[in-house]
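Student: Okay, so here is start03.txt, and as you'll see once you scroll down, it has compact mmCIF, C-alpha atoms.
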```txt
# COMPACT_ATOMS: atom_id res chain seq x y z
CA MET Q 483 -37.38 -33.02 151.30
CA THR Q 484 -39.96 -31.03 153.26
CA SER Q 485 -42.06 -32.50 156.06
CA SER Q 486 -44.82 -33.04 153.50
CA GLY Q 487 -42.44 -35.07 151.35
CA ARG Q 488 -42.22 -32.50 148.56
CA LYS Q 489 -38.93 -31.07 147.37
CA HIS Q 490 -38.41 -27.43 148.23
CA ARG Q 491 -38.29 -25.20 145.14
CA PRO Q 492 -37.82 -21.47 145.62
CA HIS Q 493 -39.74 -19.01 143.50
CA ARG Q 494 -37.47 -18.10 140.58
CA VAL Q 495 -37.00 -14.40 139.81
CA VAL Q 496 -35.25 -13.66 136.52
CA VAL Q 497 -33.94 -10.12 136.01
CA LEU Q 498 -33.56 -9.02 132.39
CA ALA Q 499 -30.37 -6.96 131.96
CA LEU Q 500 -30.44 -4.67 128.91
CA ASP Q 501 -27.56 -2.55 127.60
CA GLY Q 502 -27.46 0.84 129.29
CA LEU Q 503 -28.99 -0.49 132.49
CA LEU Q 504 -28.69 1.30 135.82
CA PRO Q 505 -26.56 -0.84 138.21
CA PHE Q 506 -28.55 0.37 141.22
CA GLU Q 507 -31.83 -0.87 139.77
CA LEU Q 508 -30.28 -4.14 138.66
CA GLY Q 509 -29.24 -4.81 142.25
CA ILE Q 510 -32.64 -4.13 143.81
CA PRO Q 511 -34.26 -7.52 143.05
CA HIS Q 512 -31.17 -9.39 144.22
CA ARG Q 513 -31.12 -7.50 147.52
CA ILE Q 514 -34.84 -7.71 148.27
CA PHE Q 515 -35.61 -11.24 147.03
CA GLY Q 516 -32.29 -12.62 148.19
CA ARG Q 517 -33.11 -12.16 151.89
CA PRO Q 518 -36.38 -14.06 152.64
CA ARG Q 519 -36.09 -17.52 154.21
CA ASP Q 520 -38.64 -20.09 155.30
CA ALA Q 521 -38.93 -21.57 158.79
CA ASP Q 522 -36.12 -24.04 157.98
CA GLY Q 523 -33.78 -21.29 156.79
CA ARG Q 524 -34.12 -22.12 153.10
CA PRO Q 525 -34.37 -19.29 150.56
CA LEU Q 526 -37.88 -18.48 149.41
CA TYR Q 527 -36.58 -17.04 146.15
CA GLU Q 528 -33.85 -17.76 143.65
CA VAL Q 529 -32.67 -14.70 141.69
CA VAL Q 530 -30.76 -14.93 138.41
CA THR Q 531 -29.83 -12.31 135.81
CA CYS Q 532 -30.08 -12.87 132.09
CA SER Q 533 -29.42 -11.01 128.86
CA VAL Q 534 -31.15 -11.08 125.48
CA ARG Q 535 -27.88 -12.49 124.11
CA PRO Q 536 -25.70 -15.46 125.04
CA PRO Q 537 -23.77 -15.08 128.33
CA GLY Q 538 -21.30 -12.22 128.27
CA PRO Q 539 -20.87 -8.50 128.99
CA VAL Q 540 -23.75 -6.04 129.24
CA GLU Q 541 -23.05 -2.31 129.20
CA THR Q 542 -24.32 -0.11 132.03
CA ASP Q 543 -24.84 3.63 132.26
CA ALA Q 544 -21.74 3.76 134.51
CA ASP Q 545 -18.08 3.39 133.53
CA PHE Q 546 -18.16 -0.40 133.76
CA ALA Q 547 -19.88 -3.37 132.18
CA ILE Q 548 -21.22 -6.43 133.97
CA HIS Q 549 -20.83 -10.07 133.00
CA VAL Q 550 -24.19 -11.85 132.76
CA ALA Q 551 -23.99 -15.60 133.13
CA HIS Q 552 -27.38 -16.48 131.59
CA GLY Q 553 -28.84 -16.00 128.12
CA PRO Q 554 -32.51 -15.41 127.24
CA GLU Q 555 -33.37 -19.07 127.80
CA ALA Q 556 -33.47 -18.27 131.55
CA LEU Q 557 -36.71 -16.33 130.94
CA ALA Q 558 -38.45 -19.63 130.17
CA THR Q 559 -37.70 -20.83 133.72
CA ALA Q 560 -39.01 -17.75 135.53
CA ASP Q 561 -41.88 -17.48 137.98
CA THR Q 562 -41.35 -13.71 138.00
CA VAL Q 563 -39.54 -11.59 135.39
CA ILE Q 564 -38.28 -8.12 136.33
CA VAL Q 565 -37.21 -5.52 133.75
CA PRO Q 566 -35.08 -2.69 135.24
CA ALA Q 567 -34.60 0.61 133.41
CA SER Q 568 -32.12 1.06 130.60
CA TYR Q 569 -30.83 4.18 128.83
CA GLU Q 570 -30.11 2.36 125.57
CA MET Q 571 -33.41 0.82 124.51
CA GLY Q 572 -33.28 2.29 120.97
CA PRO Q 573 -36.56 1.73 119.10
CA VAL Q 574 -38.30 0.65 122.31
CA TYR Q 575 -37.85 4.11 123.81
CA ASP Q 576 -37.94 6.12 120.58
CA GLU Q 577 -40.70 4.35 118.64
CA GLY Q 578 -42.45 2.08 121.12
CA ARG Q 579 -41.51 -1.13 119.34
CA LEU Q 580 -39.40 -4.13 120.32
CA THR Q 581 -36.24 -5.12 118.51
CA GLY Q 582 -36.30 -8.60 117.02
CA GLU Q 583 -33.78 -9.75 119.62
CA LEU Q 584 -35.86 -8.47 122.53
CA ALA Q 585 -39.13 -9.77 121.09
CA ALA Q 586 -37.63 -13.24 120.69
CA ALA Q 587 -36.42 -13.17 124.30
CA LEU Q 588 -39.79 -12.06 125.71
CA ALA Q 589 -41.55 -14.76 123.69
CA LEU Q 590 -39.77 -17.33 125.89
CA ILE Q 591 -41.66 -16.21 128.99
CA ARG Q 592 -44.28 -18.78 129.97
CA PRO Q 593 -47.97 -17.79 130.16
CA GLY Q 594 -48.95 -16.90 133.71
CA THR Q 595 -45.48 -15.64 134.67
CA ARG Q 596 -45.57 -12.51 136.84
CA LEU Q 597 -43.95 -9.57 135.07
CA ALA Q 598 -42.65 -6.41 136.76
CA SER Q 599 -40.81 -3.31 135.58
CA ILE Q 600 -38.75 -0.68 137.37
CA CYS Q 601 -38.85 2.92 136.14
CA THR Q 602 -38.49 3.10 132.33
CA GLY Q 603 -38.32 -0.68 132.10
CA VAL Q 604 -42.07 -0.19 131.62
CA TYR Q 605 -41.35 0.77 127.99
CA VAL Q 606 -40.38 -2.84 127.29
CA VAL Q 607 -43.60 -4.15 128.84
CA ALA Q 608 -45.72 -1.62 126.96
CA ALA Q 609 -43.95 -2.22 123.63
CA ALA Q 610 -44.77 -5.92 124.04
CA GLY Q 611 -48.47 -4.95 124.15
CA LEU Q 612 -48.91 -6.20 127.70
CA LEU Q 613 -50.19 -2.91 129.12
CA ASP Q 614 -52.87 -1.98 126.59
CA GLY Q 615 -55.96 -0.92 128.49
CA ARG Q 616 -54.20 -1.37 131.83
CA PRO Q 617 -52.81 1.04 134.46
CA ALA Q 618 -49.06 1.59 134.68
CA ALA Q 619 -46.54 3.65 136.62
CA THR Q 620 -43.22 5.10 135.55
CA HIS Q 621 -40.90 7.91 136.61
CA TRP Q 622 -42.90 11.13 136.96
CA ALA Q 623 -40.50 12.98 134.62
CA ASP Q 624 -41.15 10.41 131.88
CA ALA Q 625 -44.90 9.99 132.29
CA ASP Q 626 -46.05 12.45 129.63
CA ARG Q 627 -43.70 11.08 127.00
CA PHE Q 628 -44.63 7.50 127.85
CA GLN Q 629 -48.33 8.33 127.57
CA ARG Q 630 -47.88 9.89 124.14
CA LEU Q 631 -45.96 6.87 122.89
CA PHE Q 632 -48.43 4.36 124.37
CA PRO Q 633 -51.86 6.04 124.34
CA LYS Q 634 -53.68 2.79 125.17
CA VAL Q 635 -51.95 2.58 128.58
CA ARG Q 636 -53.54 4.31 131.58
CA VAL Q 637 -50.49 6.08 133.02
CA ASP Q 638 -50.54 7.15 136.68
CA ALA Q 639 -47.70 9.59 137.40
CA ASP Q 640 -48.60 9.99 141.08
CA VAL Q 641 -48.06 6.51 142.53
CA LEU Q 642 -44.86 4.70 143.53
CA PHE Q 643 -46.03 1.45 141.95
CA ILE Q 644 -49.07 -0.29 140.51
CA ASP Q 645 -50.03 -3.91 141.11
CA ASP Q 646 -52.36 -5.04 138.33
CA GLY Q 647 -52.19 -8.73 139.11
CA ASP Q 648 -49.80 -10.47 136.75
CA VAL Q 649 -48.17 -7.18 135.63
CA LEU Q 650 -46.65 -4.72 138.08
CA THR Q 651 -44.93 -1.41 137.31
CA SER Q 652 -43.03 1.08 139.44
CA ALA Q 653 -41.90 4.67 139.39
CA GLY Q 654 -38.26 5.68 139.20
CA VAL Q 655 -35.21 4.07 140.78
CA ALA Q 656 -35.86 3.61 144.53
CA ALA Q 657 -39.55 2.93 143.87
CA GLY Q 658 -38.26 -0.42 142.62
CA ILE Q 659 -37.51 -1.20 146.27
CA ASP Q 660 -41.10 -0.40 147.20
CA LEU Q 661 -42.35 -2.63 144.39
CA CYS Q 662 -40.15 -5.60 145.29
CA LEU Q 663 -41.06 -5.33 148.98
CA HIS Q 664 -44.71 -5.23 147.94
CA MET Q 665 -44.29 -8.47 145.99
CA VAL Q 666 -42.58 -10.14 148.95
CA ARG Q 667 -45.40 -8.89 151.19
CA GLY Q 668 -48.01 -10.27 148.83
CA ASP Q 669 -46.21 -13.61 148.54
CA HIS Q 670 -45.31 -14.18 152.19
CA GLY Q 671 -46.93 -11.51 154.40
CA THR Q 672 -45.84 -8.40 156.27
CA ALA Q 673 -43.54 -10.18 158.75
CA VAL Q 674 -41.29 -11.47 155.98
CA ALA Q 675 -41.35 -8.17 154.08
CA ASN Q 676 -40.64 -6.17 157.24
CA ASP Q 677 -37.67 -8.42 158.02
CA VAL Q 678 -36.26 -7.69 154.56
CA ALA Q 679 -36.88 -3.96 155.01
CA ARG Q 680 -35.13 -3.90 158.39
CA HIS Q 681 -32.02 -5.60 157.03
CA THR Q 682 -32.05 -3.36 153.98
CA VAL Q 683 -32.50 -0.30 156.25
CA VAL Q 684 -35.48 1.04 154.31
CA PRO Q 685 -39.07 1.72 155.39
CA PRO Q 686 -41.30 -1.32 154.87
CA HIS Q 687 -43.92 0.94 153.33
CA ARG Q 688 -43.52 4.52 152.11
CA ASP Q 689 -46.45 6.88 152.38
CA GLY Q 690 -47.71 8.93 149.48
CA GLY Q 691 -46.73 8.93 145.85
CA GLN Q 692 -44.35 10.64 143.47
CA ALA Q 693 -45.87 14.09 143.95
CA GLN Q 694 -43.75 14.61 147.05
CA TYR Q 695 -40.54 14.14 145.01
CA ILE Q 696 -41.30 16.51 142.15
CA HIS Q 697 -39.16 19.65 142.29
CA ARG Q 698 -40.77 22.56 144.13
CA PRO Q 699 -39.43 25.66 145.85
CA VAL Q 700 -37.91 24.66 149.18
CA PRO Q 701 -40.42 25.42 151.97
CA ASP Q 702 -39.62 27.90 154.68
CA PRO Q 703 -37.80 25.93 157.43
CA GLN Q 704 -39.69 27.98 160.01
CA LEU Q 705 -42.99 26.48 158.89
CA ALA Q 706 -44.35 23.68 161.06
CA THR Q 707 -44.63 20.15 159.66
CA THR Q 708 -47.22 17.48 160.30
CA ALA Q 709 -44.80 14.86 161.63
CA ALA Q 710 -45.94 15.23 165.25
CA ALA Q 711 -49.56 14.71 164.25
CA ARG Q 712 -48.68 11.53 162.38
CA ALA Q 713 -46.76 10.19 165.38
CA TRP Q 714 -49.67 11.10 167.65
CA ALA Q 715 -52.14 9.31 165.41
CA LEU Q 716 -50.00 6.18 165.11
CA GLY Q 717 -50.16 5.76 168.89
CA ARG Q 718 -53.96 6.00 168.84
CA LEU Q 719 -55.07 4.04 165.79
CA HIS Q 720 -57.48 2.07 167.97
CA GLU Q 721 -59.32 5.29 168.87
CA PRO Q 722 -61.63 7.45 166.72
CA ILE Q 723 -59.42 10.15 165.17
CA GLN Q 724 -60.93 13.23 163.58
CA LEU Q 725 -59.13 15.54 161.18
CA ARG Q 726 -59.50 18.41 163.63
CA ASP Q 727 -57.79 16.30 166.32
CA MET Q 728 -54.72 15.88 164.13
CA ALA Q 729 -54.72 19.56 163.16
CA GLU Q 730 -54.80 20.56 166.83
CA GLN Q 731 -51.58 18.61 167.45
CA GLU Q 732 -49.82 21.08 165.14
CA ALA Q 733 -51.85 24.14 166.23
CA MET Q 734 -53.08 24.57 162.64
CA SER Q 735 -56.45 25.18 161.11
CA VAL Q 736 -57.96 22.11 159.45
CA ARG Q 737 -57.52 23.74 156.04
CA THR Q 738 -53.84 24.57 156.55
CA PHE Q 739 -53.11 21.18 158.11
CA THR Q 740 -54.77 19.29 155.24
CA ARG Q 741 -52.80 21.23 152.64
CA ARG Q 742 -49.49 20.81 154.51
CA PHE Q 743 -50.16 17.12 155.16
CA ARG Q 744 -50.79 16.40 151.48
CA GLU Q 745 -47.63 18.31 150.49
CA GLU Q 746 -45.53 16.24 152.90
CA ALA Q 747 -47.12 12.80 152.68
CA GLY Q 748 -48.50 12.85 149.15
CA VAL Q 749 -51.96 11.70 150.33
CA SER Q 750 -54.79 13.17 152.37
CA PRO Q 751 -54.89 12.62 156.16
CA GLY Q 752 -57.88 10.30 155.72
CA GLN Q 753 -56.13 8.16 153.13
CA TRP Q 754 -53.04 7.98 155.32
CA LEU Q 755 -55.05 6.92 158.37
CA THR Q 756 -56.80 4.16 156.46
CA ARG Q 757 -53.49 2.85 155.14
CA GLN Q 758 -51.96 2.77 158.62
CA ARG Q 759 -54.99 0.91 159.97
CA VAL Q 760 -54.81 -1.64 157.18
CA GLU Q 761 -51.13 -2.24 158.00
CA ARG Q 762 -51.98 -2.54 161.71
CA ALA Q 763 -54.72 -5.05 160.93
CA ARG Q 764 -52.37 -7.11 158.76
CA HIS Q 765 -49.82 -7.26 161.55
CA LEU Q 766 -52.41 -8.36 164.13
CA LEU Q 767 -53.94 -10.96 161.84
CA GLU Q 768 -50.51 -12.46 161.20
CA SER Q 769 -49.04 -12.34 164.69
CA THR Q 770 -51.87 -12.66 167.26
CA ASP Q 771 -54.78 -14.90 168.23
CA LEU Q 772 -57.17 -11.95 168.45
CA SER Q 773 -60.56 -12.55 166.85
CA VAL Q 774 -61.46 -10.64 163.70
CA ASP Q 775 -63.75 -8.41 165.80
CA GLN Q 776 -60.91 -7.66 168.22
CA VAL Q 777 -58.48 -6.92 165.39
CA ALA Q 778 -61.01 -4.52 163.91
CA GLN Q 779 -61.22 -2.70 167.24
CA GLU Q 780 -57.45 -2.59 167.78
CA ALA Q 781 -56.81 -1.33 164.25
CA GLY Q 782 -59.43 1.40 164.60
CA PHE Q 783 -61.97 0.14 162.09
CA GLY Q 784 -64.62 -0.26 164.78
CA THR Q 785 -66.44 -3.22 163.25
CA ALA Q 786 -65.39 -6.40 161.50
CA GLN Q 787 -67.55 -5.43 158.54
CA SER Q 788 -65.74 -2.11 158.13
CA MET Q 789 -62.35 -3.82 158.34
CA ARG Q 790 -63.45 -6.48 155.88
CA GLN Q 791 -64.44 -3.80 153.36
CA HIS Q 792 -61.14 -1.95 153.71
CA LEU Q 793 -58.99 -5.08 153.48
CA GLN Q 794 -60.98 -6.30 150.51
CA GLN Q 795 -60.42 -2.97 148.80
CA ALA Q 796 -56.72 -2.70 149.69
CA LEU Q 797 -55.66 -6.36 149.45
CA GLY Q 798 -58.40 -8.14 147.58
CA VAL Q 799 -58.94 -10.67 150.40
CA THR Q 800 -61.03 -11.03 153.55
CA PRO Q 801 -59.40 -10.86 157.02
CA THR Q 802 -59.96 -14.59 157.51
CA ALA Q 803 -58.38 -15.48 154.18
CA TYR Q 804 -55.44 -13.19 154.87
CA ARG Q 805 -54.81 -14.79 158.27
CA ARG Q 806 -55.08 -18.28 156.81
CA THR Q 807 -52.44 -17.43 154.21
CA PHE Q 808 -49.86 -15.58 156.28
CA ARG Q 809 -50.25 -16.36 159.99
CA THR Q 810 -48.04 -19.48 160.12
CA THR Q 811 -45.18 -17.76 158.33
CA ALA Q 812 -45.33 -14.72 160.63
CA LEU Q 813 -45.29 -16.75 163.84
CA ARG Q 814 -42.15 -18.56 162.71
CA MET Q 815 -40.19 -15.39 161.95
```
Can you dump the structure from the file as C-alpha cells?
Tutor:
Amino acid sequence: MTSSGRKHRPHRVVVLALDGLLPFELGIPHRIFGRPRDADGRPLYEVVTCSVRPPGPVETDADFAIHVAHGPEALATADTVIVPASYEMGPVYDEGRLTGELAAALALIRPGTRLASICTGVYVVAAAGLLDGRPAATHWADADRFQRLFPKVRVDADVLFIDDGDVLTSAGVAAGIDLCLHMVRGDHGTAVANDVARHTVVPPHRDGGQAQYIHRPVPDPQLATTAAARAWALGRLHEPIQLRDMAEQEAMSVRTFTRRFREEAGVSPGQWLTRQRVERARHLLESTDLSVDQVAQEAGFGTAQSMRQHLQQALGVTPTAYRRTFRTTALRM
C-alpha cells in the first residue's frame, strides 16, 4: 500500500504485435517504459505484448518468430496501446481497411485509452478511422502513399512524432524512441525521461525533423558546420542571442548560417533556440525553488509572461501548473 493507503498500480502499456513486425520497434516500448520507477523504486509502467490471435508465435521480418503470451483480450486492460510497424498488414496497407480479426481486436480497447503508433503502424490507426481530420506522422518515404490512401488524414512528413492528445504517431523506426520518451516526459516530467534516455544511451530530445534524414548528396567535409554556434548558444540561453551572434561564431554570413543550420538541425535557429529555452525552463521548474520570474530570466525568456506563452504553446500548461505536476517527482530522482 502507498502512504496514502491506495494500492500502487502501474500504467499498463500493451504493445500489439502483428505478423511481419520489426523486432527493433517491438522492443522500443519495453526498453523505454520498462525503466521508470517511482520514489519507492516501484515501476511506473507495466508493459505486455499481445497478438490479435490466442497466445502463440508471431512472425517477424527477420529469420525468427517470437512467442506472444497474450491474446487480444489484453487490449481491454490497456491504459496505452502501441502499434509498431509491420510488413505484412495485407488489406490494411494495400486498401486501407482492417481485417475482421484486427477490427475485432481493436474494438476491445476501452474509450479514453491512449493510442500510439510507430512508423507504418499508423496504417492500422488510420484504417480504424481514428485519424480522420487529425494530424499524423509516418516514415518520410511512406508519407505520400499514406496520404493517398487516407486523404482525410493531415500527414506531416517533416516531424519525428505528433502528439494529438489521445492519439500519437511517429516517423520511422528510431523515431519510436523519441515518441516513447515524449510520453514518459508528459506523464512524469523531464527528470524521469532524461533518466531513461541516459540509461538507454540516446538523446533525451532530438532536434529537427525527418528532413535531416532524407537522402541528399554528401556535403563537402571541408565546409564548416553550425555545431560550435549551438554549443555557444546553449551556454548563454539566459542572455539575449541574436541570429547574427550565432553566425559570427562560425564566421558565416547570416544567410549562409541560416541555410546551413536548417540543413543540419532540421529547424530554423530561432525555432531551435525557443525549444532549448523551453527545455531549460522545464528543468528549472522541476528541480529548483526559483520563482517563475527567475526561471524566465534564467531560461532566456526575459519575462514570466513570455515564458508562459511559450510553455502554453509547447506544452499546453502554465509554468505554475507544470511545476505542480512534476516538481516532486524530479526532486526524488
Student: For each of Q:Leu526, Q:Leu716, Q:Phe743, Q:Gln791, take the minimum atom-to-atom distance to Ala675 in chain Q, counting only C-alpha atoms, then give the residue where this is smallest.
Tutor: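 Closest residue, counting only C-alpha atoms: Q:Leu526.
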Student: Taking (-25.0, -5.0, 130.9) as a centre in this file's frame and 9 Å as the limit, can you find every polymer residue with an atom that close, using only C-alpha atoms, and give them as a count of residues only?
Tutor: 19
Student: When you draw a straight line from CA of Asp648 in chain Q to CA of Val684 in chain Q, how long is it in Å?
Tutor: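 CA of Val684 in chain Q lies at a distance of 25.4 Å from CA of Asp648 in chain Q.
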Student: For the atom pair CA of Thr682 in chain Q and CA of Glu507 in chain Q, what is the interatomic distance in Å to one decimal place?
Tutor: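 Taking CA of Thr682 in chain Q as the start and CA of Glu507 in chain Q as the end point, the length is 14.4 Å.
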Student: Check the smallest atom-to-atom distance from each of Q:Asp638, Q:Asp545, Q:Asp646, Q:Asp561 to His493 in chain Q using all atoms listed in the file, then report the winner.
Tutor: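 Once distances to His493 in chain Q are computed over all atoms listed in the file, the minimum belongs to Q:Asp561.
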Student: Leu766 in chain Q: which residues within 10 Å, counting only C-alpha atoms, same-chain residues fewer than 3 positions away excluded, as a ChimeraX atom specification?
Tutor: /Q:760-763,769-774,776-778,780-781,805,809
